[in-house]
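**Q** Here it is, the structure in full.
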Amino acid sequence: MGVRELSLYLHIPFCIRKCRYCDFLSWPASAQEQEEYLELLLAEIEKQSFFYKPYQAATVFIGGGTPSLLSPEAVNQIFEKLNHNFTIKDDCEITLEANPDSVTMEKLAAWLQAGVNRLSIGLQSTDDEELKRIGRVHDYRTFCNAYEMARRAGFGNINVDLMAALPGQTVCSYRRTLERVLSLRPEHISAYSLILEEGTWLHAHRDELAFPSEDEDRAFYELTGKLLAENNYMRYEISNYAQPGYECRHNQVYWTRGDYVGFGPGAASMVNDVRWSNPRSMPEYREAVRRIGSESAEKQYLSRQEQMEEFMFLGLRLTRGVRKQDFQEKFGLPIEAVYGEILEELRRDGLLIVEDAVRLTPYGTDISNYVMAKFLFG
């Protein structure tokens with residue numbers, strides 16, 4: 001088998017405290033707990049790399065949690081282990097997620113030295129009261145300082161994460177957030193609407209807080225697209241915008257069903273249409289790392305039908321949509337042979353454009369969950 005590309009995700013589950021909207025696998029941890037975790041993560045990288053010798057890493061993403069809490073020494077250890085055990089492509093996109101409050105010049109220099117070439121900063125809002133309501137530990141000034149430091153350090157590819165439909169947020173305050181961020185000219189902006197996930201603080205207190213209406217949420221969405229387009233940011237995915245050439249390559253691997261391997265508790269992997277995930281609890285994760293090579297994780301072998309369903313609903317997240325030729329090359333059938341009736345129905349309802357590629361209309365984007373569900377349930 002020839003050389004193939006692989007994307008690597010490393011999960012750093014630590015945070016100073018849990019944000020009120022967060023349902024990701026993360027928790028506060030002592031220095032000793034972080035050190036013990038790092039040893040496990042390094043062991044997993046080394047043991048798992050044996051199975052991926054024919055691959056080259058095209059993207060690396062260090063997410064969390066809050067990876068920027070790690071010491072420069074810890075980050076250096078991670079990249080030494082990756083470089084020793086994997087073939088990293090010369091043009092590999094290497095992203096690290098950072099919270100503004102944990103960014104320092106020392107860390108920025110260490111990240112660059114280790115090979116990080118893309119920084120993703122979690123801002124969410126430039127309104128300090130909105131940040132307090134969702135439990136963020138930074139304020140707007142802290143973000144500005146972190147962003148300016150990153151530029152001075154030499155980062156030329158920065159993403160800023162934003163959230164809409166926050167409690168107490170107005171169209172006016174959201175516009176101010178967008179305008180302030182646009183004035184900084186980051187290469188990439190991710191803008192998501194808040195989802196109240198069960199088990200989060202915001203979900204438990206949802207009746208006590210004033211959330212924007214559905215009409216306001218739609219206004220946030222439309223304002224995002226309008227302002228970013230006016231400022232030369234191309235929307236290439238439902239919630240992601242980039243200056244030309246700065247689309248996130250790592251996330252596109254997920255949306256196009258490329259091969260990826262995750263390291264750390266709860267991290268997901270998919271290679272050759274086989275999917276599996278690491279255990280979420282630390283005791284189970286520790287045992288799983290110990291057993292690598294002698295007992296594999298429980299794996300899901302995706303059926304042909306499941307592969308086609310994923311190909312459609314993930315591909316439709318991208319504004320370029322699903323190319324008919326790509327579907328035929330992947331599955332050996334014209335897309336109409338499998339989804340002809342659904343495509344015609346959604347086209348007739350004004351939800352899809354069906355040409356050489358199948359893609360969402362503006363209206364289809366507004367109700368994308370409904371459109372994508374049609375490829376799962378008919």
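Ordering of the structure tokens sets the chain letters (A, B, ...), residue numbers begin anew at 1 in every chain, and ligands are numbered from 1 in the order given.
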As a list in words, please: the residues near stretch 26-29 of chain A (cut-off 6 Å, only C-alpha atoms, same-chain neighbours under 2 positions excluded).
**A**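 Residues meeting the cut-off are Pro13, Phe14, Cys15, Ile16, Arg17, Phe24, Glu33 and Gly65 of chain A.
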**Q** Counting only C-alpha atoms, what is within 7 Å of A:Leu194, bar same-chain residues fewer than 3 positions away, as a short mmCIF file (atom, residue, chain, number, x, y, z; two decimals) with all heavy atoms, in the first residue's frame?
**A**
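Here's the written file out-v6.cif:
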```
data_model
loop_
_atom_site.label_atom_id
_atom_site.label_comp_id
_atom_site.auth_asym_id
_atom_site.auth_seq_id
_atom_site.Cartn_x
_atom_site.Cartn_y
_atom_site.Cartn_z
N MET A 163 -19.42 32.84 19.57
CA MET A 163 -20.69 32.19 19.82
C MET A 163 -21.82 33.21 19.76
O MET A 163 -21.66 34.35 20.21
CB MET A 163 -20.70 31.50 21.19
CG MET A 163 -19.75 30.33 21.31
SD MET A 163 -19.84 29.48 22.90
CE MET A 163 -21.39 28.60 22.70
N ALA A 164 -22.94 32.78 19.20
CA ALA A 164 -24.14 33.61 19.13
C ALA A 164 -25.25 32.97 19.96
O ALA A 164 -25.16 31.81 20.35
CB ALA A 164 -24.59 33.79 17.68
N ALA A 165 -26.31 33.76 20.20
CA ALA A 165 -27.48 33.31 20.97
C ALA A 165 -27.12 33.05 22.43
O ALA A 165 -27.69 32.15 23.07
CB ALA A 165 -28.12 32.08 20.33
N LEU A 166 -26.19 33.84 22.96
CA LEU A 166 -25.82 33.73 24.37
C LEU A 166 -26.88 34.42 25.23
O LEU A 166 -27.56 35.34 24.78
CB LEU A 166 -24.46 34.40 24.62
CG LEU A 166 -23.29 33.88 23.78
CD1 LEU A 166 -22.03 34.67 24.09
CD2 LEU A 166 -23.07 32.40 24.05
#
```
**Q** Can you list, as an MDAnalysis selection string, every residue of stretch 118-239 of chain A that DSSP puts in strand (DSSP E or B)?
**A** chainID A and resid 118:124 158:164 188:193 234:237
**Q** Could you turn the residues from that selection into a file that holds N, CA and C atoms, as a PDB file, in the first residue's frame?
**A**
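What landed in result_33.pdb:
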```pdb
ATOM      1  N   ARG A 118      -0.696  27.063  13.469  1.00  0.00           N
ATOM      2  CA  ARG A 118      -2.057  27.605  13.451  1.00  0.00           C
ATOM      3  C   ARG A 118      -2.566  27.659  14.886  1.00  0.00           C
ATOM      4  N   LEU A 119      -3.074  28.812  15.277  1.00  0.00           N
ATOM      5  CA  LEU A 119      -3.558  29.006  16.642  1.00  0.00           C
ATOM      6  C   LEU A 119      -5.058  29.245  16.594  1.00  0.00           C
ATOM      7  N   SER A 120      -5.799  28.563  17.469  1.00  0.00           N
ATOM      8  CA  SER A 120      -7.249  28.751  17.550  1.00  0.00           C
ATOM      9  C   SER A 120      -7.573  29.302  18.938  1.00  0.00           C
ATOM     10  N   ILE A 121      -8.016  30.556  18.985  1.00  0.00           N
ATOM     11  CA  ILE A 121      -8.243  31.238  20.263  1.00  0.00           C
ATOM     12  C   ILE A 121      -9.738  31.292  20.558  1.00  0.00           C
ATOM     13  N   GLY A 122     -10.123  30.822  21.734  1.00  0.00           N
ATOM     14  CA  GLY A 122     -11.524  30.826  22.143  1.00  0.00           C
ATOM     15  C   GLY A 122     -11.922  32.151  22.764  1.00  0.00           C
ATOM     16  N   LEU A 123     -12.519  33.020  21.968  1.00  0.00           N
ATOM     17  CA  LEU A 123     -12.994  34.319  22.477  1.00  0.00           C
ATOM     18  C   LEU A 123     -14.453  34.229  22.902  1.00  0.00           C
ATOM     19  N   GLN A 124     -15.324  33.805  22.001  1.00  0.00           N
ATOM     20  CA  GLN A 124     -16.778  33.660  22.158  1.00  0.00           C
ATOM     21  C   GLN A 124     -17.528  34.996  22.074  1.00  0.00           C
ATOM     22  N   ILE A 158      -4.376  32.485  12.420  1.00  0.00           N
ATOM     23  CA  ILE A 158      -5.104  32.484  13.691  1.00  0.00           C
ATOM     24  C   ILE A 158      -6.594  32.363  13.430  1.00  0.00           C
ATOM     25  N   ASN A 159      -7.235  31.458  14.147  1.00  0.00           N
ATOM     26  CA  ASN A 159      -8.691  31.354  14.171  1.00  0.00           C
ATOM     27  C   ASN A 159      -9.209  31.965  15.463  1.00  0.00           C
ATOM     28  N   VAL A 160     -10.372  32.624  15.374  1.00  0.00           N
ATOM     29  CA  VAL A 160     -11.057  33.132  16.558  1.00  0.00           C
ATOM     30  C   VAL A 160     -12.431  32.473  16.620  1.00  0.00           C
ATOM     31  N   ASP A 161     -12.733  31.854  17.753  1.00  0.00           N
ATOM     32  CA  ASP A 161     -14.038  31.221  17.976  1.00  0.00           C
ATOM     33  C   ASP A 161     -15.017  32.236  18.553  1.00  0.00           C
ATOM     34  N   LEU A 162     -16.223  32.284  17.968  1.00  0.00           N
ATOM     35  CA  LEU A 162     -17.291  33.156  18.446  1.00  0.00           C
ATOM     36  C   LEU A 162     -18.546  32.336  18.684  1.00  0.00           C
ATOM     37  N   MET A 163     -19.417  32.841  19.574  1.00  0.00           N
ATOM     38  CA  MET A 163     -20.694  32.185  19.822  1.00  0.00           C
ATOM     39  C   MET A 163     -21.817  33.212  19.762  1.00  0.00           C
ATOM     40  N   ALA A 164     -22.943  32.779  19.204  1.00  0.00           N
ATOM     41  CA  ALA A 164     -24.144  33.611  19.134  1.00  0.00           C
ATOM     42  C   ALA A 164     -25.252  32.971  19.957  1.00  0.00           C
ATOM     43  N   HIS A 188      -9.121  33.242  10.098  1.00  0.00           N
ATOM     44  CA  HIS A 188     -10.245  32.302  10.153  1.00  0.00           C
ATOM     45  C   HIS A 188     -11.150  32.688  11.307  1.00  0.00           C
ATOM     46  N   ILE A 189     -12.453  32.551  11.105  1.00  0.00           N
ATOM     47  CA  ILE A 189     -13.429  32.809  12.161  1.00  0.00           C
ATOM     48  C   ILE A 189     -14.421  31.655  12.187  1.00  0.00           C
ATOM     49  N   SER A 190     -14.605  31.059  13.362  1.00  0.00           N
ATOM     50  CA  SER A 190     -15.656  30.062  13.571  1.00  0.00           C
ATOM     51  C   SER A 190     -16.758  30.727  14.382  1.00  0.00           C
ATOM     52  N   ALA A 191     -17.986  30.654  13.897  1.00  0.00           N
ATOM     53  CA  ALA A 191     -19.099  31.335  14.563  1.00  0.00           C
ATOM     54  C   ALA A 191     -20.259  30.360  14.723  1.00  0.00           C
ATOM     55  N   TYR A 192     -20.471  29.916  15.947  1.00  0.00           N
ATOM     56  CA  TYR A 192     -21.487  28.908  16.246  1.00  0.00           C
ATOM     57  C   TYR A 192     -22.604  29.503  17.089  1.00  0.00           C
ATOM     58  N   SER A 193     -23.801  28.986  16.909  1.00  0.00           N
ATOM     59  CA  SER A 193     -24.901  29.328  17.812  1.00  0.00           C
ATOM     60  C   SER A 193     -24.844  28.416  19.029  1.00  0.00           C
ATOM     61  N   MET A 234     -14.704  33.970   3.270  1.00  0.00           N
ATOM     62  CA  MET A 234     -15.543  33.034   2.544  1.00  0.00           C
ATOM     63  C   MET A 234     -16.097  31.992   3.510  1.00  0.00           C
ATOM     64  N   ARG A 235     -17.410  31.826   3.489  1.00  0.00           N
ATOM     65  CA  ARG A 235     -17.981  30.729   4.273  1.00  0.00           C
ATOM     66  C   ARG A 235     -17.780  29.445   3.487  1.00  0.00           C
ATOM     67  N   TYR A 236     -17.007  28.514   4.052  1.00  0.00           N
ATOM     68  CA  TYR A 236     -16.760  27.256   3.352  1.00  0.00           C
ATOM     69  C   TYR A 236     -17.446  26.093   4.038  1.00  0.00           C
ATOM     70  N   GLU A 237     -18.025  26.348   5.216  1.00  0.00           N
ATOM     71  CA  GLU A 237     -18.776  25.344   5.968  1.00  0.00           C
ATOM     72  C   GLU A 237     -19.839  26.099   6.740  1.00  0.00           C
TER      73      GLU A 237
END
```
**Q** Provide the atom CA of A:Asn231 to atom CA of A:Arg151 distance in Å, to one decimal place.
**A**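 Interatomic distance here is 19.8 Å.
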**Q** Near stretch 94-99 of chain A, counting only C-alpha atoms, which residues have an atom at most 10 Å away, once you skip same-chain residues fewer than 4 positions from it, shown as a compact mmCIF listing (two decimals) with all heavy atoms, in the first residue's frame?
**A**
```
# COMPACT_ATOMS: atom_id res chain seq x y z
N SER A 7 -4.79 12.29 9.64
CA SER A 7 -4.89 13.43 10.54
C SER A 7 -4.85 12.94 11.98
O SER A 7 -5.43 11.90 12.30
CB SER A 7 -6.18 14.21 10.28
OG SER A 7 -6.08 14.92 9.07
N LEU A 8 -4.17 13.68 12.82
CA LEU A 8 -4.00 13.30 14.22
C LEU A 8 -4.68 14.32 15.12
O LEU A 8 -4.50 15.53 14.95
CB LEU A 8 -2.52 13.22 14.59
CG LEU A 8 -1.62 12.36 13.69
CD1 LEU A 8 -0.18 12.41 14.17
CD2 LEU A 8 -2.12 10.92 13.65
N TYR A 9 -5.47 13.82 16.08
CA TYR A 9 -6.08 14.69 17.09
C TYR A 9 -5.59 14.27 18.46
O TYR A 9 -5.63 13.08 18.81
CB TYR A 9 -7.61 14.60 17.05
CG TYR A 9 -8.26 15.35 18.19
CD1 TYR A 9 -8.41 16.74 18.13
CD2 TYR A 9 -8.67 14.71 19.35
CE1 TYR A 9 -8.96 17.45 19.18
CE2 TYR A 9 -9.23 15.41 20.41
CZ TYR A 9 -9.37 16.77 20.33
OH TYR A 9 -9.91 17.47 21.37
N LEU A 10 -5.12 15.23 19.25
CA LEU A 10 -4.65 14.95 20.61
C LEU A 10 -5.53 15.72 21.58
O LEU A 10 -5.65 16.96 21.49
CB LEU A 10 -3.19 15.38 20.78
CG LEU A 10 -2.13 14.48 20.12
CD1 LEU A 10 -2.09 14.70 18.62
CD2 LEU A 10 -0.76 14.77 20.71
N ILE A 12 -6.43 17.23 25.15
CA ILE A 12 -5.91 17.69 26.43
C ILE A 12 -7.11 18.08 27.29
O ILE A 12 -7.72 19.14 27.09
CB ILE A 12 -4.96 18.90 26.26
CG1 ILE A 12 -3.89 18.60 25.20
CG2 ILE A 12 -4.35 19.29 27.59
CD1 ILE A 12 -2.98 17.43 25.53
N CYS A 15 -8.85 22.02 32.20
CA CYS A 15 -9.30 23.40 32.12
C CYS A 15 -9.24 23.99 33.53
O CYS A 15 -9.18 23.25 34.52
CB CYS A 15 -10.70 23.51 31.55
SG CYS A 15 -11.91 22.47 32.40
N ALA A 57 1.36 12.18 8.37
CA ALA A 57 0.43 13.08 9.05
C ALA A 57 0.34 14.39 8.27
O ALA A 57 1.33 15.11 8.11
CB ALA A 57 0.89 13.35 10.48
N ALA A 58 -0.87 14.68 7.77
CA ALA A 58 -1.10 15.90 6.99
C ALA A 58 -1.61 17.04 7.86
O ALA A 58 -1.43 18.21 7.52
CB ALA A 58 -2.08 15.63 5.87
N THR A 59 -2.29 16.69 8.96
CA THR A 59 -2.73 17.71 9.91
C THR A 59 -2.61 17.14 11.33
O THR A 59 -2.73 15.93 11.54
CB THR A 59 -4.21 18.14 9.69
OG1 THR A 59 -5.09 17.07 10.05
CG2 THR A 59 -4.45 18.55 8.25
N VAL A 60 -2.36 18.03 12.27
CA VAL A 60 -2.34 17.70 13.70
C VAL A 60 -3.17 18.75 14.41
O VAL A 60 -3.01 19.96 14.14
CB VAL A 60 -0.91 17.67 14.28
CG1 VAL A 60 -0.95 17.41 15.78
CG2 VAL A 60 -0.05 16.64 13.56
N PHE A 61 -4.05 18.32 15.29
CA PHE A 61 -4.90 19.27 16.03
C PHE A 61 -4.84 18.92 17.51
O PHE A 61 -5.18 17.80 17.90
CB PHE A 61 -6.35 19.19 15.53
CG PHE A 61 -7.20 20.37 15.93
CD1 PHE A 61 -7.53 21.35 15.00
CD2 PHE A 61 -7.68 20.50 17.22
CE1 PHE A 61 -8.32 22.43 15.35
CE2 PHE A 61 -8.46 21.58 17.59
CZ PHE A 61 -8.78 22.55 16.65
N ILE A 62 -4.40 19.87 18.32
CA ILE A 62 -4.35 19.67 19.77
C ILE A 62 -5.51 20.46 20.37
O ILE A 62 -5.52 21.69 20.36
CB ILE A 62 -3.00 20.13 20.36
CG1 ILE A 62 -1.86 19.40 19.66
CG2 ILE A 62 -2.96 19.87 21.86
CD1 ILE A 62 -0.49 19.78 20.17
N GLY A 63 -6.52 19.72 20.86
CA GLY A 63 -7.73 20.35 21.35
C GLY A 63 -8.02 19.95 22.79
O GLY A 63 -7.29 19.19 23.41
N GLY A 64 -9.14 20.46 23.29
CA GLY A 64 -9.44 20.19 24.69
C GLY A 64 -10.89 20.41 25.03
O GLY A 64 -11.76 20.37 24.17
N GLY A 65 -11.08 20.76 26.35
CA GLY A 65 -10.12 21.23 27.31
C GLY A 65 -9.39 22.50 26.87
O GLY A 65 -9.79 23.23 25.99
N THR A 66 -8.28 22.70 27.54
CA THR A 66 -7.46 23.90 27.30
C THR A 66 -6.01 23.50 27.12
O THR A 66 -5.23 23.48 28.08
CB THR A 66 -7.60 24.89 28.47
OG1 THR A 66 -8.98 25.12 28.77
CG2 THR A 66 -6.94 26.23 28.12
N PRO A 67 -5.60 23.16 25.89
CA PRO A 67 -4.21 22.77 25.66
C PRO A 67 -3.19 23.85 26.05
O PRO A 67 -2.06 23.53 26.40
CB PRO A 67 -4.17 22.52 24.15
CG PRO A 67 -5.57 22.17 23.79
CD PRO A 67 -6.43 23.01 24.69
N SER A 68 -3.62 25.12 26.02
CA SER A 68 -2.68 26.20 26.35
C SER A 68 -2.32 26.23 27.83
O SER A 68 -1.42 26.97 28.24
CB SER A 68 -3.25 27.56 25.93
OG SER A 68 -4.56 27.76 26.43
N LEU A 69 -2.98 25.40 28.64
CA LEU A 69 -2.58 25.28 30.05
C LEU A 69 -1.27 24.49 30.20
O LEU A 69 -0.58 24.62 31.21
CB LEU A 69 -3.67 24.57 30.86
CG LEU A 69 -4.93 25.38 31.20
CD1 LEU A 69 -5.91 24.50 31.95
CD2 LEU A 69 -4.58 26.62 32.01
N ILE A 88 5.71 13.27 9.66
CA ILE A 88 4.95 14.51 9.59
C ILE A 88 5.28 15.21 8.27
O ILE A 88 6.45 15.49 7.99
CB ILE A 88 5.28 15.45 10.77
CG1 ILE A 88 5.20 14.70 12.11
CG2 ILE A 88 4.38 16.67 10.75
CD1 ILE A 88 3.83 14.25 12.49
N VAL A 103 -2.34 32.36 27.71
CA VAL A 103 -1.35 32.63 26.66
C VAL A 103 -0.25 33.53 27.21
O VAL A 103 -0.53 34.56 27.82
CB VAL A 103 -2.02 33.30 25.44
CG1 VAL A 103 -0.97 33.74 24.42
CG2 VAL A 103 -3.01 32.34 24.78
N TRP A 111 5.51 27.04 21.34
CA TRP A 111 4.62 26.40 20.37
C TRP A 111 5.17 26.52 18.95
O TRP A 111 5.16 25.55 18.19
CB TRP A 111 3.22 27.02 20.44
CG TRP A 111 2.56 26.88 21.79
CD1 TRP A 111 2.86 25.96 22.76
CD2 TRP A 111 1.51 27.68 22.32
NE1 TRP A 111 2.06 26.14 23.86
CE2 TRP A 111 1.21 27.18 23.62
CE3 TRP A 111 0.77 28.76 21.84
CZ2 TRP A 111 0.22 27.73 24.42
CZ3 TRP A 111 -0.22 29.31 22.64
CH2 TRP A 111 -0.49 28.80 23.91
N LEU A 112 5.62 27.71 18.60
CA LEU A 112 6.20 27.90 17.28
C LEU A 112 7.43 27.02 17.08
O LEU A 112 7.61 26.40 16.03
CB LEU A 112 6.57 29.37 17.08
CG LEU A 112 5.41 30.33 16.78
CD1 LEU A 112 5.87 31.78 16.90
CD2 LEU A 112 4.84 30.08 15.38
N ALA A 114 8.05 24.24 18.46
CA ALA A 114 7.63 22.84 18.37
C ALA A 114 7.03 22.51 17.01
O ALA A 114 6.95 21.33 16.64
CB ALA A 114 6.63 22.51 19.47
N GLY A 115 6.57 23.52 16.28
CA GLY A 115 6.01 23.27 14.96
C GLY A 115 4.57 23.73 14.80
O GLY A 115 4.00 23.60 13.69
N VAL A 116 3.95 24.25 15.86
CA VAL A 116 2.57 24.74 15.74
C VAL A 116 2.56 25.92 14.76
O VAL A 116 3.32 26.88 14.92
CB VAL A 116 2.02 25.18 17.11
CG1 VAL A 116 0.61 25.76 16.96
CG2 VAL A 116 2.01 24.00 18.08
N ASN A 117 1.69 25.85 13.76
CA ASN A 117 1.62 26.93 12.78
C ASN A 117 0.22 27.51 12.61
O ASN A 117 -0.02 28.34 11.74
CB ASN A 117 2.16 26.47 11.42
CG ASN A 117 1.52 25.18 10.94
OD1 ASN A 117 0.35 24.92 11.19
ND2 ASN A 117 2.30 24.35 10.25
N ARG A 118 -0.70 27.06 13.47
CA ARG A 118 -2.06 27.61 13.45
C ARG A 118 -2.57 27.66 14.89
O ARG A 118 -2.50 26.66 15.61
CB ARG A 118 -2.97 26.74 12.58
CG ARG A 118 -4.39 27.26 12.44
CD ARG A 118 -5.21 26.40 11.46
NE ARG A 118 -6.52 26.94 11.24
CZ ARG A 118 -7.59 26.65 12.00
NH1 ARG A 118 -7.48 25.78 13.01
NH2 ARG A 118 -8.76 27.19 11.73
N LEU A 119 -3.07 28.81 15.28
CA LEU A 119 -3.56 29.01 16.64
C LEU A 119 -5.06 29.25 16.59
O LEU A 119 -5.55 30.02 15.76
CB LEU A 119 -2.85 30.21 17.27
CG LEU A 119 -2.85 30.32 18.80
CD1 LEU A 119 -2.13 29.13 19.42
CD2 LEU A 119 -2.18 31.63 19.21
N SER A 120 -5.80 28.56 17.47
CA SER A 120 -7.25 28.75 17.55
C SER A 120 -7.57 29.30 18.94
O SER A 120 -7.40 28.60 19.94
CB SER A 120 -7.98 27.43 17.31
OG SER A 120 -9.38 27.62 17.36
N ILE A 121 -8.02 30.56 18.98
CA ILE A 121 -8.24 31.24 20.26
C ILE A 121 -9.74 31.29 20.56
O ILE A 121 -10.54 31.77 19.75
CB ILE A 121 -7.66 32.66 20.24
CG1 ILE A 121 -6.18 32.63 19.87
CG2 ILE A 121 -7.84 33.31 21.61
CD1 ILE A 121 -5.54 34.01 19.77
N GLY A 122 -10.12 30.82 21.73
CA GLY A 122 -11.52 30.83 22.14
C GLY A 122 -11.92 32.15 22.76
O GLY A 122 -11.67 32.38 23.94
N LEU A 123 -12.52 33.02 21.97
CA LEU A 123 -12.99 34.32 22.48
C LEU A 123 -14.45 34.23 22.90
O LEU A 123 -14.81 34.57 24.02
CB LEU A 123 -12.82 35.39 21.39
CG LEU A 123 -13.53 36.73 21.63
CD1 LEU A 123 -13.05 37.38 22.92
CD2 LEU A 123 -13.34 37.67 20.44
N ARG A 136 -16.91 32.07 31.18
CA ARG A 136 -15.53 32.18 30.68
C ARG A 136 -14.67 32.87 31.74
O ARG A 136 -15.14 33.72 32.47
CB ARG A 136 -15.49 32.98 29.38
CG ARG A 136 -16.27 32.36 28.25
CD ARG A 136 -15.67 31.05 27.79
NE ARG A 136 -14.47 31.26 26.99
CZ ARG A 136 -13.71 30.28 26.52
NH1 ARG A 136 -14.02 29.02 26.79
NH2 ARG A 136 -12.65 30.54 25.79
N VAL A 137 -13.39 32.50 31.78
CA VAL A 137 -12.50 33.06 32.82
C VAL A 137 -11.74 34.28 32.33
O VAL A 137 -11.05 34.92 33.11
CB VAL A 137 -11.50 31.99 33.33
CG1 VAL A 137 -12.24 30.84 33.99
CG2 VAL A 137 -10.61 31.49 32.20
N HIS A 138 -11.85 34.62 31.05
CA HIS A 138 -11.15 35.78 30.51
C HIS A 138 -12.13 36.92 30.23
O HIS A 138 -13.35 36.73 30.22
CB HIS A 138 -10.42 35.41 29.21
CG HIS A 138 -11.36 35.14 28.07
ND1 HIS A 138 -11.86 33.88 27.82
CD2 HIS A 138 -11.91 35.96 27.13
CE1 HIS A 138 -12.65 33.92 26.77
NE2 HIS A 138 -12.71 35.19 26.33
N THR A 142 -8.17 40.76 27.98
CA THR A 142 -7.24 39.62 28.03
C THR A 142 -7.10 38.98 26.65
O THR A 142 -6.01 38.59 26.23
CB THR A 142 -7.73 38.58 29.05
OG1 THR A 142 -7.86 39.21 30.33
CG2 THR A 142 -6.75 37.43 29.17
N PHE A 143 -8.24 38.85 25.95
CA PHE A 143 -8.17 38.30 24.59
C PHE A 143 -7.32 39.19 23.69
O PHE A 143 -6.48 38.68 22.94
CB PHE A 143 -9.58 38.17 23.98
CG PHE A 143 -9.55 38.03 22.49
CD1 PHE A 143 -9.23 36.82 21.90
CD2 PHE A 143 -9.82 39.13 21.67
CE1 PHE A 143 -9.18 36.69 20.52
CE2 PHE A 143 -9.76 39.01 20.29
CZ PHE A 143 -9.45 37.79 19.71
N ALA A 146 -3.72 38.64 24.33
CA ALA A 146 -3.27 37.34 23.83
C ALA A 146 -3.12 37.37 22.31
O ALA A 146 -2.15 36.85 21.76
CB ALA A 146 -4.26 36.25 24.25
N ASN A 157 -1.42 32.51 11.15
CA ASN A 157 -2.66 31.79 10.85
C ASN A 157 -3.41 31.60 12.17
O ASN A 157 -3.08 30.70 12.95
CB ASN A 157 -2.37 30.45 10.19
CG ASN A 157 -3.63 29.77 9.68
OD1 ASN A 157 -4.74 30.26 9.87
ND2 ASN A 157 -3.47 28.62 9.02
N ILE A 158 -4.38 32.48 12.42
CA ILE A 158 -5.10 32.48 13.69
C ILE A 158 -6.59 32.36 13.43
O ILE A 158 -7.15 33.07 12.59
CB ILE A 158 -4.82 33.77 14.50
CG1 ILE A 158 -3.33 33.88 14.85
CG2 ILE A 158 -5.66 33.80 15.77
CD1 ILE A 158 -2.96 35.14 15.61
N ASN A 159 -7.23 31.46 14.15
CA ASN A 159 -8.69 31.35 14.17
C ASN A 159 -9.21 31.97 15.46
O ASN A 159 -8.59 31.84 16.52
CB ASN A 159 -9.13 29.89 14.10
CG ASN A 159 -10.62 29.74 14.41
OD1 ASN A 159 -11.46 30.24 13.66
ND2 ASN A 159 -10.95 29.08 15.51
N VAL A 160 -10.37 32.62 15.37
CA VAL A 160 -11.06 33.13 16.56
C VAL A 160 -12.43 32.47 16.62
O VAL A 160 -13.20 32.51 15.65
CB VAL A 160 -11.20 34.66 16.51
CG1 VAL A 160 -12.02 35.15 17.70
CG2 VAL A 160 -9.82 35.33 16.51
N ASP A 161 -12.73 31.85 17.75
CA ASP A 161 -14.04 31.22 17.98
C ASP A 161 -15.02 32.24 18.55
O ASP A 161 -14.70 32.93 19.53
CB ASP A 161 -13.91 30.06 18.97
CG ASP A 161 -13.42 28.78 18.32
OD1 ASP A 161 -13.53 28.65 17.10
OD2 ASP A 161 -12.92 27.92 19.06
N CYS A 248 -9.64 25.59 7.40
CA CYS A 248 -9.02 24.62 8.31
C CYS A 248 -8.97 23.25 7.64
O CYS A 248 -9.99 22.60 7.42
CB CYS A 248 -9.81 24.53 9.62
SG CYS A 248 -9.14 23.33 10.78
N ARG A 249 -7.77 22.80 7.32
CA ARG A 249 -7.61 21.52 6.64
C ARG A 249 -7.99 20.35 7.53
O ARG A 249 -8.53 19.34 7.07
CB ARG A 249 -6.17 21.39 6.14
CG ARG A 249 -5.86 22.29 4.95
CD ARG A 249 -4.37 22.52 4.76
NE ARG A 249 -3.59 21.29 4.86
CZ ARG A 249 -2.28 21.27 5.05
NH1 ARG A 249 -1.60 22.40 5.18
NH2 ARG A 249 -1.63 20.12 5.12
N HIS A 250 -7.70 20.46 8.82
CA HIS A 250 -7.99 19.36 9.74
C HIS A 250 -9.50 19.09 9.80
O HIS A 250 -9.93 17.93 9.67
CB HIS A 250 -7.47 19.68 11.14
CG HIS A 250 -7.64 18.54 12.10
ND1 HIS A 250 -6.72 17.52 12.23
CD2 HIS A 250 -8.64 18.25 12.97
CE1 HIS A 250 -7.13 16.67 13.14
NE2 HIS A 250 -8.30 17.09 13.60
```
**Q** Name all residues at most 9 Å from stretch 252-269 of chain A (count only C-alpha atoms; drop same-chain ones fewer than 5 positions away) and give them as a ChimeraX atom specification.
**A** /A:4-13,25,37,40-41,44-45,48,59,237,247,274-282,284-286,307,310-311,313-318
**Q** Just want the 10 Å neighbourhood of A:Thr361, counted on only C-alpha atoms, with same-chain residues fewer than 6 positions away dropped. Output as a VMD selection string.
**A** chain A and resid 319 346 to 347 350 to 354 367 to 368
**Q** Mind pulling up the distance from atom CA of A:Ala109 to atom CA of A:Ala74?
**A** 13.6 Å
**Q** Could you state the separation of atom CA of A:Asp356 and atom CA of A:Lys324 in Å, given to one decimal place?
**A**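 Atom-to-atom, atom CA of A:Asp356 to atom CA of A:Lys324, that is 5.9 Å.
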**Q** Neighbours of A:Glu216 within 9 Å (only C-alpha atoms; same-chain residues fewer than 5 positions away dropped), as a list in words?
**A**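 In the requested format, the answer is Ala165, Thr170, Val171 and Tyr221 of chain A.
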**Q** Report the residues of stretch 155-288 of chain A whose backbone DSSP state falls under helix (DSSP H, G or I), written as a ChimeraX atom specification.
**A** /A:171-184,201-204,206-208,214-230,249-255,282-288
**Q** From the options A:Lys81, A:Arg320, A:Lys18, A:Arg206, which residue's atoms come nearest to A:Gly135, counting only C-alpha atoms?
**A**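 Looking at the shortest contact to A:Gly135, the residue is A:Lys18.
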**Q** Under the rule that only C-alpha atoms are counted, which of A:Gly293, A:Arg175, A:Tyr140, A:Pro334 is the nearest residue to A:Glu46?
**A**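 Closest residue, counting only C-alpha atoms: A:Gly293.
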**Q** Looking at only C-alpha atoms, which of A:Arg218, A:Pro54, A:Glu93, A:Met312 is the one that sits closest to A:Leu376?
**A**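 Going through A:Arg218, A:Pro54, A:Glu93, A:Met312 one by one, the smallest distance to A:Leu376 is for A:Met312.
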